[in-house]
Amino acid sequence: MKKEIFEPFNSSDNNFEQCVKCTICTVYCPVLEVNPDYPGPKQSGPDGERLRLKDPNFFDESLKLCLNCKRCEVACPHGVKIGDIIQLARIKYSKKKPKVRDMILANTDIVGTMASTFAPIVNPIVALKPVRLIMDGVLKIDHHRIFPKYAGMRFETWYRRYAASKQNDFKKHVSYFHGCYVNYNFPKQGKDLIKIMNAAGYGVHLLEKEKCCGVALISNNLIKQATKQARHNVEAFKKSIVDKNMPVISTSSTCIFTIRDEYPHLLGVKNDEIRDKSELATRFLFRLIDSGKLKLVFKKDYRKRIAYHTPCHMEKLGWSIYSTALLKMIPGIDFVSLESRCCGIAGTYGFKKENYKTSQGVGKPLFDQIESSDVDFVATDCETCKWQIEMSTAKKVEHPISILAEALDVEATVKLWQK
Amino acid sequence: MKFDNIIIGGGLSGLTCGIKLAEQGKKCAIVSSGQSAIHFFSGSFDLLGKLNGQEVKNPLEAIKTLPDAHPYQRVGIKNIARLAVEAPQLLDRAGLQFSGKSDQNHFVLTPMGIMKPTWLTIDDFTRFEQNDVFPWKKAVILNFSGFLDFHTLFVQDGLKKYDVDVQIKNFAMKEFEAIRRNPSEMRSTNIAKVFDQGEDVLNEFAQKVNQLSEGFEVVILPAVFGLFTKNVVTDLKSMINKPLVLIPAIPPSVPGIRSQILLRKRFEELGGTYFLGDIVEEGTFKNNRLVAVQTNNHGNIKLEADQFVLASGSFYSKGIVATRDKLYEPILGLDIDGDIDSEKWLDEKFFNDQPYMHYGVKTDSGFRALKNGKPIENLFAAGSVLGGANALKEGSGAGISLLTSLHVAEQILK
Ligand SMILES: Cc1cc2nc3c(=O)[nH]c(=O)nc-3n(C[C@H](O)[C@H](O)[C@H](O)COP(=O)(O)OP(=O)(O)OC[C@H]3O[C@@H](n4cnc5c(N)ncnc54)[C@H](O)[C@@H]3O)c2cc1C
Ligand code: SF4
Ligand code: SF4
């Protein structure tokens, strides 16, 4: 009985016929608001699809201006998968070859491996103004952008050296999909996760070998490689979830969104066996606390005023409530809500010179809100939002897991389940 | 995840109910699968516009003669009178100024150039106390070149009946060139966004309007002002040197979207949680109570509450679904107030009062929804998901939504 009306929300068969032309989606598209060259979600999505089916020449390269933020999908009253339709059209019809620059931006793990090996050299070099101008001029990576710093020791290396051996002391276990950002740029976030999960009584393990989720490959139209990595990851997840009955958690909202939804919708990689057991760490923790299986104890002297920014993919997943609910559990937190708006970076999109203006224009209302919020820092679940906000405002950005780790009274928390 | 109250559906009913509950300190959540019918809002809320084919002057009086099964009768005439005063106050606290009286309809000028009776009108629009005179004799209708969602000829024709001398003028501004390149994107919301962006465009526009309307007594424009920025309409009115009458354009409606945004904002500022783009898939019942609902996004983390309100709308929003041979409430499988037999759904004469338009979720006298003939103790239904009225025919849509929601909120707060 339910099937017929709920289907459109769960699957992504190209359901453009469902569109009733109400144009509500165009109201909420952040790109359309600042860049009139973009035809907008209705035009690029369901309307354009009708034409493209007749003749692929109707494909318009301006579709690459879409941020894939999915805010149009969230607003559409008829469950049209507008964002997916647009991305699929780019995959299917775009004739533009990805540029060298796009390959560099998209291959977060290969570039990361090289860069973190030479971190002390790479960091100062990409930070140098002349180098940034060359990147701008030759590679068309906007010179305003500051590359996230590469860490000296990769998270995986740190884990094997200092954390792995302790994980079997626990009775319960999870696997951790850390993603490229934690591995190469910000291992601290992974360390914070392990601190919390251990305090909650869980051993944390790495997947047999994780590959970059591929989100940047998809948005830069490197589909073959993205599909290969997706297949690899699904197999790696299966080994944990199906073979060992160990759920997989992650701290990156974009990685998890890509693995759960974009793999089947855009790449056609089936993930039924792993989807339900792959989720964000904040959701995993929330479920434990909500069902009375875990209690976290926080330090008495932790006091901070924090604003939470909802990344687009969290808006689509509907999961920001888990992060905000966890943050609100910390007694010393003065919590400020921000109106949910796109920050404009959308992964590698904002790094491209031609998108810089659009990217900052999209983000401006959010930056204004943040600047006037008088907070100690901003919390968010997405690493690229973090770069964008830190570059465009005076505030620092922290991941909710890091905030929890900072505020957590580990000993008191452990005592609660150990006795 | 536990709340005091969970509301399924985030349209006019769900938001009104949620705001009232949250104002009384309840911890509420609204789950809404997409944007609602408010996006089609004409600028006015109707209480009762027509009865037996006749225009209604005094809705409060006329309501007394409605059939017993009508939602107004079930709320009770006394309650309706009281809640009809409360409704605009609640809207006002959300930053939406509406005016009108429940014992005397006023009139608004429709896109067809007709005076239509209504109850509450948002302050963007002009209220007329009579439907047989138009206060001005020389009017100019201005439209943006390339904007097809405003039918100036209809308005002109309509006003001729009032002996008004009406001229139509189109004009272009460079700020609209970009959206005009793409005719299908020359829509009211896109025009409104340009005006939202700053004083300069609005200033330039007002100057132009003043020039073009020289020698006329009144200016008529499509309602394309103030989407995300609230004061655009007031600013514009203060810049134009004569009365300004706005007329709704083809939806989505700019004042409607602003209303939806402000109502949601009010709800969230009161501490409410609004889950947009999520869909309630099913419920868990226990001893005639709804214990929890399951949604697409939250999966096995169920949403629990002491009371639930079903405000999932009518056919348009899929709160009620009709297939060729089946009519049903798709979320919780509740009883339907209407003929299950599909032969009786339609009256052959298209313009007659269609039976199916009266169909909706069946409730007891306290608006508790019925399932298998029994009322679910903690599940209420409100708004257009209810049966018993043909809102379209009688002009009562928003009235039913606002007043049944306030009534249901009161039942919960008791
Ligand atoms: C096109 C149109 C124009 C109208 N114009 C006017 C007017 O100008 N003046 C007037 O007085 N009345 C008008 N009405 C009538 C009036 O606006 C509506 O009766 C009123 O807005 C209905 O409000 P509601 O909240 O009951 O339902 P809706 O606004 O339909 O809202 C229902 C909500 O429930 C959500 N929903 C449904 N199923 C689920 C689910 N399973 N999970 C989660 N969410 C769900 C939907 O997404 C939707 O947001 C109009 C109605 C329509 C359809
Ligand atoms: S909101 Fe949905 S139904 Fe409306 S125009 Fe956009 S895609 Fe079509
Ligand atoms: S995904 Fe985002 S950027 Fe792309 S069309 Fe939809 S709302 Fe616009």
# chains A, B, ... in the order shown; residues from 1 in each chain; ligands from 1

call {"tool": "residues_near_ligand", "arguments": {"ligand": "ligand 2", "cutoff": "12 Å", "atoms": "only C-alpha atoms and all ligand atoms", "output": "short mmCIF file (atom, residue, chain, number, x, y, z; two decimals) with all heavy atoms, in the first residue's frame"}}
result
data_model
loop_
_atom_site.label_atom_id
_atom_site.label_comp_id
_atom_site.auth_asym_id
_atom_site.auth_seq_id
_atom_site.Cartn_x
_atom_site.Cartn_y
_atom_site.Cartn_z
N PRO A 8 9.31 7.33 -4.61
CA PRO A 8 10.17 8.39 -5.11
C PRO A 8 11.16 8.93 -4.08
O PRO A 8 12.20 9.46 -4.44
CB PRO A 8 9.20 9.48 -5.55
CG PRO A 8 7.87 9.06 -5.12
CD PRO A 8 7.91 7.60 -4.88
N PHE A 9 10.86 8.80 -2.82
CA PHE A 9 11.75 9.36 -1.83
C PHE A 9 12.94 8.46 -1.57
O PHE A 9 13.94 8.87 -1.03
CB PHE A 9 11.00 9.60 -0.52
CG PHE A 9 10.04 10.73 -0.64
CD1 PHE A 9 8.78 10.51 -1.15
CD2 PHE A 9 10.40 12.02 -0.29
CE1 PHE A 9 7.88 11.55 -1.27
CE2 PHE A 9 9.50 13.06 -0.41
CZ PHE A 9 8.25 12.83 -0.91
N ASN A 14 15.18 7.84 -12.38
CA ASN A 14 15.04 9.18 -12.90
C ASN A 14 13.56 9.56 -12.98
O ASN A 14 12.89 9.30 -13.96
CB ASN A 14 15.67 9.16 -14.27
CG ASN A 14 15.87 10.53 -14.76
OD1 ASN A 14 15.20 11.43 -14.31
ND2 ASN A 14 16.79 10.69 -15.68
N ASN A 15 13.05 10.18 -11.92
CA ASN A 15 11.60 10.36 -11.84
C ASN A 15 11.15 11.75 -12.25
O ASN A 15 10.32 12.37 -11.57
CB ASN A 15 11.11 10.02 -10.42
CG ASN A 15 11.67 10.98 -9.39
OD1 ASN A 15 12.58 11.75 -9.69
ND2 ASN A 15 11.15 10.95 -8.19
N PHE A 16 11.70 12.27 -13.33
CA PHE A 16 11.39 13.64 -13.72
C PHE A 16 9.92 13.85 -14.04
O PHE A 16 9.39 14.94 -13.93
CB PHE A 16 12.26 14.08 -14.91
CG PHE A 16 11.91 13.42 -16.21
CD1 PHE A 16 11.06 14.06 -17.09
CD2 PHE A 16 12.41 12.17 -16.53
CE1 PHE A 16 10.73 13.45 -18.29
CE2 PHE A 16 12.08 11.56 -17.72
CZ PHE A 16 11.23 12.19 -18.61
N GLU A 17 9.22 12.75 -14.43
CA GLU A 17 7.80 12.90 -14.77
C GLU A 17 6.96 13.31 -13.58
O GLU A 17 5.85 13.79 -13.73
CB GLU A 17 7.24 11.58 -15.31
CG GLU A 17 7.70 11.28 -16.71
CD GLU A 17 8.39 9.95 -16.75
OE1 GLU A 17 9.05 9.61 -15.75
OE2 GLU A 17 8.28 9.28 -17.79
N GLN A 18 7.50 13.08 -12.38
CA GLN A 18 6.76 13.41 -11.18
C GLN A 18 6.62 14.93 -10.99
O GLN A 18 5.85 15.39 -10.17
CB GLN A 18 7.54 12.85 -10.00
CG GLN A 18 6.69 12.36 -8.90
CD GLN A 18 6.91 10.88 -8.70
OE1 GLN A 18 7.98 10.35 -8.95
NE2 GLN A 18 5.88 10.21 -8.26
N CYS A 19 7.41 15.68 -11.73
CA CYS A 19 7.43 17.13 -11.56
C CYS A 19 6.13 17.76 -12.02
O CYS A 19 5.64 17.47 -13.10
CB CYS A 19 8.59 17.72 -12.36
SG CYS A 19 8.58 19.50 -12.45
N VAL A 20 5.56 18.64 -11.17
CA VAL A 20 4.33 19.34 -11.55
C VAL A 20 4.60 20.79 -11.93
O VAL A 20 3.68 21.60 -12.02
CB VAL A 20 3.27 19.29 -10.44
CG1 VAL A 20 2.87 17.86 -10.13
CG2 VAL A 20 3.74 20.00 -9.19
N LYS A 21 5.89 21.15 -12.11
CA LYS A 21 6.27 22.49 -12.59
C LYS A 21 5.90 23.60 -11.62
O LYS A 21 5.60 24.72 -12.04
CB LYS A 21 5.62 22.80 -13.95
CG LYS A 21 5.69 21.68 -14.94
CD LYS A 21 6.94 21.79 -15.75
CE LYS A 21 7.16 20.54 -16.57
NZ LYS A 21 8.33 19.78 -16.16
N CYS A 22 5.90 23.31 -10.34
CA CYS A 22 5.47 24.33 -9.39
C CYS A 22 6.57 25.37 -9.15
O CYS A 22 6.32 26.40 -8.54
CB CYS A 22 5.06 23.69 -8.07
SG CYS A 22 6.43 22.91 -7.21
N THR A 23 7.79 25.09 -9.56
CA THR A 23 8.97 25.96 -9.41
C THR A 23 9.40 26.24 -7.97
O THR A 23 10.18 27.14 -7.70
CB THR A 23 8.86 27.33 -10.15
OG1 THR A 23 8.01 28.19 -9.41
CG2 THR A 23 8.37 27.18 -11.55
N ILE A 24 8.87 25.47 -7.03
CA ILE A 24 9.27 25.69 -5.65
C ILE A 24 10.77 25.43 -5.47
O ILE A 24 11.45 26.14 -4.73
CB ILE A 24 8.43 24.79 -4.71
CG1 ILE A 24 7.04 25.40 -4.58
CG2 ILE A 24 9.07 24.65 -3.34
CD1 ILE A 24 6.05 24.56 -3.84
N CYS A 25 11.28 24.45 -6.20
CA CYS A 25 12.70 24.14 -6.07
C CYS A 25 13.58 25.35 -6.39
O CYS A 25 14.60 25.57 -5.76
CB CYS A 25 13.08 22.97 -6.96
SG CYS A 25 12.52 23.13 -8.66
N THR A 26 13.15 26.14 -7.38
CA THR A 26 14.00 27.26 -7.80
C THR A 26 14.12 28.32 -6.70
O THR A 26 15.08 29.06 -6.65
CB THR A 26 13.47 27.96 -9.08
OG1 THR A 26 12.21 28.53 -8.78
CG2 THR A 26 13.31 26.99 -10.21
N VAL A 27 13.13 28.34 -5.82
CA VAL A 27 13.16 29.33 -4.74
C VAL A 27 14.33 29.05 -3.80
O VAL A 27 14.93 29.95 -3.24
CB VAL A 27 11.85 29.28 -3.93
CG1 VAL A 27 11.90 30.23 -2.75
CG2 VAL A 27 10.68 29.59 -4.82
N TYR A 28 14.65 27.77 -3.63
CA TYR A 28 15.61 27.41 -2.60
C TYR A 28 17.00 27.08 -3.15
O TYR A 28 17.86 26.64 -2.41
CB TYR A 28 15.06 26.26 -1.76
CG TYR A 28 13.78 26.67 -1.05
CD1 TYR A 28 12.53 26.40 -1.58
CD2 TYR A 28 13.84 27.40 0.15
CE1 TYR A 28 11.36 26.81 -0.95
CE2 TYR A 28 12.68 27.82 0.79
CZ TYR A 28 11.44 27.51 0.23
OH TYR A 28 10.31 27.94 0.87
N CYS A 29 17.20 27.27 -4.45
CA CYS A 29 18.52 26.97 -5.02
C CYS A 29 19.49 28.11 -4.71
O CYS A 29 19.28 29.24 -5.14
CB CYS A 29 18.42 26.76 -6.53
SG CYS A 29 20.04 26.62 -7.32
N GLY A 40 19.05 26.88 -13.14
CA GLY A 40 18.22 26.53 -11.98
C GLY A 40 17.76 25.09 -11.99
O GLY A 40 17.82 24.42 -13.01
N PRO A 41 17.31 24.61 -10.81
CA PRO A 41 17.01 23.19 -10.66
C PRO A 41 15.90 22.66 -11.57
O PRO A 41 16.03 21.57 -12.13
CB PRO A 41 16.60 23.05 -9.19
CG PRO A 41 16.42 24.42 -8.67
CD PRO A 41 17.20 25.35 -9.54
N LYS A 42 14.84 23.42 -11.74
CA LYS A 42 13.72 22.91 -12.53
C LYS A 42 14.14 22.78 -13.98
O LYS A 42 13.95 21.75 -14.62
CB LYS A 42 12.53 23.86 -12.38
CG LYS A 42 11.41 23.59 -13.35
CD LYS A 42 10.20 24.42 -12.96
CE LYS A 42 9.25 24.63 -14.11
NZ LYS A 42 9.77 25.56 -15.12
N GLN A 43 14.76 23.85 -14.47
CA GLN A 43 15.21 23.89 -15.85
C GLN A 43 16.30 22.84 -16.11
O GLN A 43 16.25 22.12 -17.09
CB GLN A 43 15.76 25.31 -16.09
CG GLN A 43 16.06 25.64 -17.50
CD GLN A 43 14.79 26.01 -18.24
OE1 GLN A 43 13.69 25.94 -17.69
NE2 GLN A 43 14.92 26.39 -19.48
N SER A 44 17.29 22.77 -15.22
CA SER A 44 18.39 21.83 -15.44
C SER A 44 17.96 20.40 -15.16
O SER A 44 18.48 19.46 -15.75
CB SER A 44 19.55 22.14 -14.47
OG SER A 44 19.85 23.49 -14.48
N GLY A 45 17.03 20.26 -14.22
CA GLY A 45 16.61 18.91 -13.80
C GLY A 45 15.48 18.38 -14.66
O GLY A 45 15.69 18.00 -15.81
N PRO A 46 14.25 18.37 -14.11
CA PRO A 46 13.16 17.70 -14.82
C PRO A 46 12.84 18.29 -16.20
O PRO A 46 12.62 17.53 -17.13
CB PRO A 46 11.96 17.87 -13.87
CG PRO A 46 12.37 18.86 -12.85
CD PRO A 46 13.85 18.83 -12.78
N ASP A 47 12.86 19.61 -16.35
CA ASP A 47 12.55 20.20 -17.66
C ASP A 47 13.59 19.81 -18.69
O ASP A 47 13.27 19.38 -19.80
CB ASP A 47 12.50 21.74 -17.58
CG ASP A 47 11.24 22.23 -16.92
OD1 ASP A 47 10.44 21.37 -16.47
OD2 ASP A 47 11.04 23.45 -16.85
N GLY A 48 14.85 19.97 -18.30
CA GLY A 48 15.94 19.67 -19.21
C GLY A 48 15.96 18.19 -19.58
O GLY A 48 16.26 17.81 -20.71
N GLU A 49 15.63 17.34 -18.62
CA GLU A 49 15.68 15.90 -18.84
C GLU A 49 14.74 15.49 -19.97
O GLU A 49 15.07 14.66 -20.81
CB GLU A 49 15.32 15.18 -17.55
CG GLU A 49 15.63 13.70 -17.55
CD GLU A 49 17.12 13.39 -17.69
OE1 GLU A 49 17.95 14.30 -17.53
OE2 GLU A 49 17.44 12.23 -17.99
N LYS A 70 21.55 19.58 -3.07
CA LYS A 70 20.28 18.87 -2.88
C LYS A 70 19.25 19.67 -2.09
O LYS A 70 18.27 19.10 -1.59
CB LYS A 70 20.48 17.51 -2.19
CG LYS A 70 21.61 16.69 -2.77
CD LYS A 70 21.11 15.65 -3.73
CE LYS A 70 22.23 14.68 -4.04
NZ LYS A 70 22.24 14.20 -5.39
N ARG A 71 19.47 20.95 -1.93
CA ARG A 71 18.46 21.73 -1.22
C ARG A 71 17.15 21.78 -2.01
O ARG A 71 16.07 21.89 -1.44
CB ARG A 71 18.97 23.12 -0.89
CG ARG A 71 20.03 23.05 0.21
CD ARG A 71 20.46 24.40 0.76
NE ARG A 71 21.54 24.18 1.71
CZ ARG A 71 21.38 24.22 3.04
NH1 ARG A 71 20.23 24.48 3.57
NH2 ARG A 71 22.40 23.98 3.85
N CYS A 72 17.26 21.70 -3.33
CA CYS A 72 16.05 21.66 -4.16
C CYS A 72 15.24 20.40 -3.87
O CYS A 72 14.02 20.45 -3.77
CB CYS A 72 16.42 21.72 -5.64
SG CYS A 72 17.73 20.58 -6.13
N GLU A 73 15.94 19.28 -3.69
CA GLU A 73 15.24 18.03 -3.42
C GLU A 73 14.53 18.08 -2.08
O GLU A 73 13.42 17.58 -1.93
CB GLU A 73 16.23 16.85 -3.41
CG GLU A 73 16.66 16.42 -4.78
CD GLU A 73 17.57 15.19 -4.76
OE1 GLU A 73 17.62 14.48 -3.74
OE2 GLU A 73 18.23 14.96 -5.77
N VAL A 74 15.18 18.68 -1.11
CA VAL A 74 14.58 18.76 0.21
C VAL A 74 13.27 19.57 0.13
O VAL A 74 12.30 19.27 0.80
CB VAL A 74 15.55 19.40 1.22
CG1 VAL A 74 14.89 19.61 2.57
CG2 VAL A 74 16.79 18.52 1.38
N ALA A 75 13.24 20.59 -0.74
CA ALA A 75 12.07 21.46 -0.81
C ALA A 75 10.96 20.91 -1.69
O ALA A 75 9.80 21.22 -1.48
CB ALA A 75 12.49 22.84 -1.32
N CYS A 76 11.30 20.12 -2.69
CA CYS A 76 10.30 19.69 -3.67
C CYS A 76 9.17 18.90 -3.01
O CYS A 76 9.41 17.94 -2.32
CB CYS A 76 10.94 18.81 -4.75
SG CYS A 76 9.72 18.06 -5.85
N PRO A 77 7.92 19.35 -3.22
CA PRO A 77 6.81 18.64 -2.59
C PRO A 77 6.49 17.31 -3.25
O PRO A 77 5.69 16.56 -2.74
CB PRO A 77 5.63 19.61 -2.74
CG PRO A 77 6.06 20.68 -3.64
CD PRO A 77 7.50 20.51 -3.99
N HIS A 78 7.11 17.04 -4.38
CA HIS A 78 6.73 15.82 -5.09
C HIS A 78 7.85 14.81 -5.19
O HIS A 78 7.81 13.90 -6.02
CB HIS A 78 6.16 16.17 -6.46
CG HIS A 78 4.89 16.95 -6.31
ND1 HIS A 78 3.67 16.34 -6.16
CD2 HIS A 78 4.67 18.26 -6.20
CE1 HIS A 78 2.75 17.27 -5.98
NE2 HIS A 78 3.33 18.44 -6.00
N GLY A 79 8.86 14.98 -4.36
CA GLY A 79 9.91 13.97 -4.28
C GLY A 79 10.70 13.79 -5.56
O GLY A 79 11.24 12.71 -5.81
N VAL A 80 10.78 14.82 -6.39
CA VAL A 80 11.58 14.70 -7.61
C VAL A 80 13.06 14.73 -7.21
O VAL A 80 13.48 15.57 -6.44
CB VAL A 80 11.28 15.85 -8.60
CG1 VAL A 80 12.13 15.72 -9.85
CG2 VAL A 80 9.80 15.86 -8.95
N LYS A 81 13.83 13.79 -7.75
CA LYS A 81 15.25 13.69 -7.40
C LYS A 81 16.04 14.66 -8.27
O LYS A 81 16.84 14.24 -9.12
CB LYS A 81 15.72 12.26 -7.63
CG LYS A 81 15.12 11.29 -6.65
CD LYS A 81 15.92 11.36 -5.40
CE LYS A 81 15.32 10.55 -4.28
NZ LYS A 81 15.98 10.88 -3.02
N ILE A 82 15.79 15.94 -8.08
CA ILE A 82 16.33 16.95 -8.98
C ILE A 82 17.85 16.91 -9.05
O ILE A 82 18.45 16.91 -10.13
CB ILE A 82 15.86 18.35 -8.54
CG1 ILE A 82 14.36 18.33 -8.26
CG2 ILE A 82 16.20 19.39 -9.59
CD1 ILE A 82 13.88 19.44 -7.37
N GLY A 83 18.48 16.89 -7.88
CA GLY A 83 19.94 16.90 -7.83
C GLY A 83 20.52 15.68 -8.55
O GLY A 83 21.48 15.80 -9.31
N ASP A 84 19.92 14.53 -8.31
CA ASP A 84 20.41 13.31 -8.97
C ASP A 84 20.23 13.40 -10.48
O ASP A 84 21.11 12.97 -11.24
CB ASP A 84 19.63 12.08 -8.46
CG ASP A 84 20.03 11.71 -7.04
OD1 ASP A 84 20.98 12.33 -6.52
OD2 ASP A 84 19.40 10.81 -6.46
N ILE A 85 19.09 13.95 -10.91
CA ILE A 85 18.84 14.06 -12.36
C ILE A 85 19.94 14.92 -12.99
O ILE A 85 20.49 14.58 -14.05
CB ILE A 85 17.45 14.68 -12.63
CG1 ILE A 85 16.35 13.73 -12.14
CG2 ILE A 85 17.26 14.99 -14.11
CD1 ILE A 85 14.95 14.28 -12.23
N ILE A 86 20.29 16.01 -12.32
CA ILE A 86 21.31 16.91 -12.86
C ILE A 86 22.68 16.22 -12.90
O ILE A 86 23.38 16.25 -13.91
CB ILE A 86 21.39 18.21 -12.03
CG1 ILE A 86 20.06 18.97 -12.15
CG2 ILE A 86 22.55 19.09 -12.47
CD1 ILE A 86 19.95 20.19 -11.25
N SER B 33 7.25 16.40 4.52
CA SER B 33 7.96 15.75 3.41
C SER B 33 8.33 16.72 2.30
O SER B 33 9.13 16.41 1.44
CB SER B 33 7.12 14.61 2.84
OG SER B 33 5.88 15.10 2.44
N GLY B 34 7.74 17.91 2.29
CA GLY B 34 8.10 18.87 1.27
C GLY B 34 7.36 20.15 1.58
O GLY B 34 6.62 20.20 2.55
N GLN B 35 7.56 21.14 0.75
CA GLN B 35 6.87 22.40 1.02
C GLN B 35 5.37 22.21 0.81
O GLN B 35 4.93 21.29 0.15
CB GLN B 35 7.45 23.50 0.15
CG GLN B 35 8.93 23.76 0.42
CD GLN B 35 9.21 24.34 1.79
OE1 GLN B 35 8.28 24.62 2.56
NE2 GLN B 35 10.47 24.52 2.14
N SER B 36 4.57 23.13 1.37
CA SER B 36 3.13 22.86 1.48
C SER B 36 2.28 23.74 0.57
O SER B 36 2.78 24.50 -0.24
CB SER B 36 2.71 23.15 2.90
OG SER B 36 2.71 24.55 3.08
N ALA B 37 0.95 23.64 0.76
CA ALA B 37 0.00 24.41 -0.04
C ALA B 37 0.13 25.92 0.21
O ALA B 37 -0.40 26.70 -0.58
CB ALA B 37 -1.43 23.95 0.25
N HIS B 39 2.49 27.62 -0.39
CA HIS B 39 3.22 28.16 -1.54
C HIS B 39 2.27 28.63 -2.64
O HIS B 39 2.68 29.32 -3.55
CB HIS B 39 4.20 27.13 -2.09
CG HIS B 39 5.44 27.00 -1.26
ND1 HIS B 39 5.43 26.52 0.02
CD2 HIS B 39 6.73 27.33 -1.52
CE1 HIS B 39 6.66 26.55 0.51
NE2 HIS B 39 7.47 27.04 -0.40
N PHE B 40 1.01 28.25 -2.54
CA PHE B 40 0.02 28.64 -3.56
C PHE B 40 -0.92 29.71 -3.05
O PHE B 40 -1.93 30.02 -3.66
CB PHE B 40 -0.78 27.41 -3.99
CG PHE B 40 0.08 26.38 -4.61
CD1 PHE B 40 0.72 25.43 -3.83
CD2 PHE B 40 0.30 26.38 -5.97
CE1 PHE B 40 1.56 24.50 -4.40
CE2 PHE B 40 1.13 25.44 -6.55
CZ PHE B 40 1.76 24.50 -5.76
N SER B 184 11.32 30.69 -19.16
CA SER B 184 10.63 29.88 -18.16
C SER B 184 11.10 30.22 -16.75
O SER B 184 10.53 29.77 -15.78
CB SER B 184 10.84 28.40 -18.45
OG SER B 184 12.18 28.08 -18.22
N GLU B 185 12.16 31.00 -16.62
CA GLU B 185 12.59 31.38 -15.28
C GLU B 185 12.14 32.78 -14.89
O GLU B 185 12.46 33.29 -13.83
CB GLU B 185 14.10 31.24 -15.13
CG GLU B 185 14.60 29.82 -15.24
CD GLU B 185 13.82 28.83 -14.37
OE1 GLU B 185 13.67 29.08 -13.16
OE2 GLU B 185 13.36 27.80 -14.91
N ARG B 187 9.86 34.12 -13.34
CA ARG B 187 8.77 33.78 -12.43
C ARG B 187 8.80 34.73 -11.25
O ARG B 187 9.83 35.34 -10.96
CB ARG B 187 8.94 32.33 -11.92
CG ARG B 187 9.03 31.28 -13.02
CD ARG B 187 7.77 31.16 -13.83
NE ARG B 187 6.63 30.73 -13.03
CZ ARG B 187 6.19 29.48 -12.95
NH1 ARG B 187 6.79 28.53 -13.62
NH2 ARG B 187 5.14 29.18 -12.21
N PRO B 251 1.12 31.09 -8.98
CA PRO B 251 2.04 30.54 -7.97
C PRO B 251 3.31 29.96 -8.61
O PRO B 251 3.29 29.66 -9.79
CB PRO B 251 1.22 29.42 -7.32
CG PRO B 251 -0.20 29.69 -7.66
CD PRO B 251 -0.20 30.45 -8.95
N PRO B 252 4.38 29.75 -7.80
CA PRO B 252 4.41 29.93 -6.35
C PRO B 252 4.31 31.39 -5.94
O PRO B 252 4.85 32.26 -6.61
CB PRO B 252 5.75 29.35 -5.94
CG PRO B 252 6.60 29.39 -7.15
CD PRO B 252 5.67 29.24 -8.31
N GLY B 277 11.77 17.70 4.41
CA GLY B 277 12.30 16.74 3.44
C GLY B 277 12.36 15.33 4.00
O GLY B 277 13.04 14.47 3.46
N TYR B 316 -3.79 16.95 -2.66
CA TYR B 316 -2.64 17.63 -3.26
C TYR B 316 -1.33 17.24 -2.56
O TYR B 316 -0.32 17.02 -3.19
CB TYR B 316 -2.83 19.15 -3.21
CG TYR B 316 -1.58 19.89 -3.56
CD1 TYR B 316 -1.19 20.02 -4.89
CD2 TYR B 316 -0.75 20.40 -2.58
CE1 TYR B 316 -0.02 20.66 -5.23
CE2 TYR B 316 0.42 21.04 -2.90
CZ TYR B 316 0.79 21.16 -4.23
OH TYR B 316 1.96 21.78 -4.55
N SER B 317 -1.36 17.16 -1.23
CA SER B 317 -0.14 16.85 -0.48
C SER B 317 -0.01 15.36 -0.18
O SER B 317 0.87 14.96 0.57
CB SER B 317 -0.11 17.63 0.82
OG SER B 317 -0.01 19.00 0.56
#

call {"tool": "residues_around", "arguments": {"residues": "Lys166 (chain A)", "least_positions_apart": "2", "cutoff": "12 Å", "atoms": "only C-alpha atoms", "output": "list in words"}}
result
Tyr159, Arg160, Arg161, Tyr162, Ala163, Ala164, Asn168, Asp169, Phe170, Lys171, His173, Ile194, Lys195, Asn198, Gly201, Tyr202, Gly203, Val204 and His205 of chain A

call {"tool": "select_by_dssp", "arguments": {"residues": "region 257-327 of chain B", "states": "helix (DSSP H, G or I)", "output": "list of chain:residue names"}}
result
B:Ile257, B:Arg258, B:Ser259, B:Gln260, B:Ile261, B:Leu262, B:Leu263, B:Arg264, B:Lys265, B:Arg266, B:Phe267, B:Glu268, B:Glu269, B:Phe315, B:Tyr316, B:Ser317

call {"tool": "residues_near_ligand", "arguments": {"ligand": "ligand 1", "cutoff": "7 Å", "atoms": "only C-alpha atoms and all ligand atoms", "output": "PyMOL selection string"}}
result
(chain A and resi 77) or (chain B and resi 8-14+31-38+40-47+278-281+311-314+316-319+331+382-385+391-392+395-399+401)

call {"tool": "select_by_dssp", "arguments": {"residues": "region 108-228 of chain B", "states": "strand (DSSP E or B)", "output": "PyMOL selection string"}}
result
chain B and resi 108-109+115-118+120-122+128+138-144+165-171+218-222

call {"tool": "atom_distance", "arguments": {"atom1": "CA of Ser337 (chain A)", "atom2": "CA of Cys312 (chain A)"}}
result
15.2 Å

call {"tool": "closest_residue", "arguments": {"among": "A:Glu210, A:Glu354, A:Asp376, A:Asp276", "to": "chain B", "atoms": "only C-alpha atoms"}}
result
A:Asp276
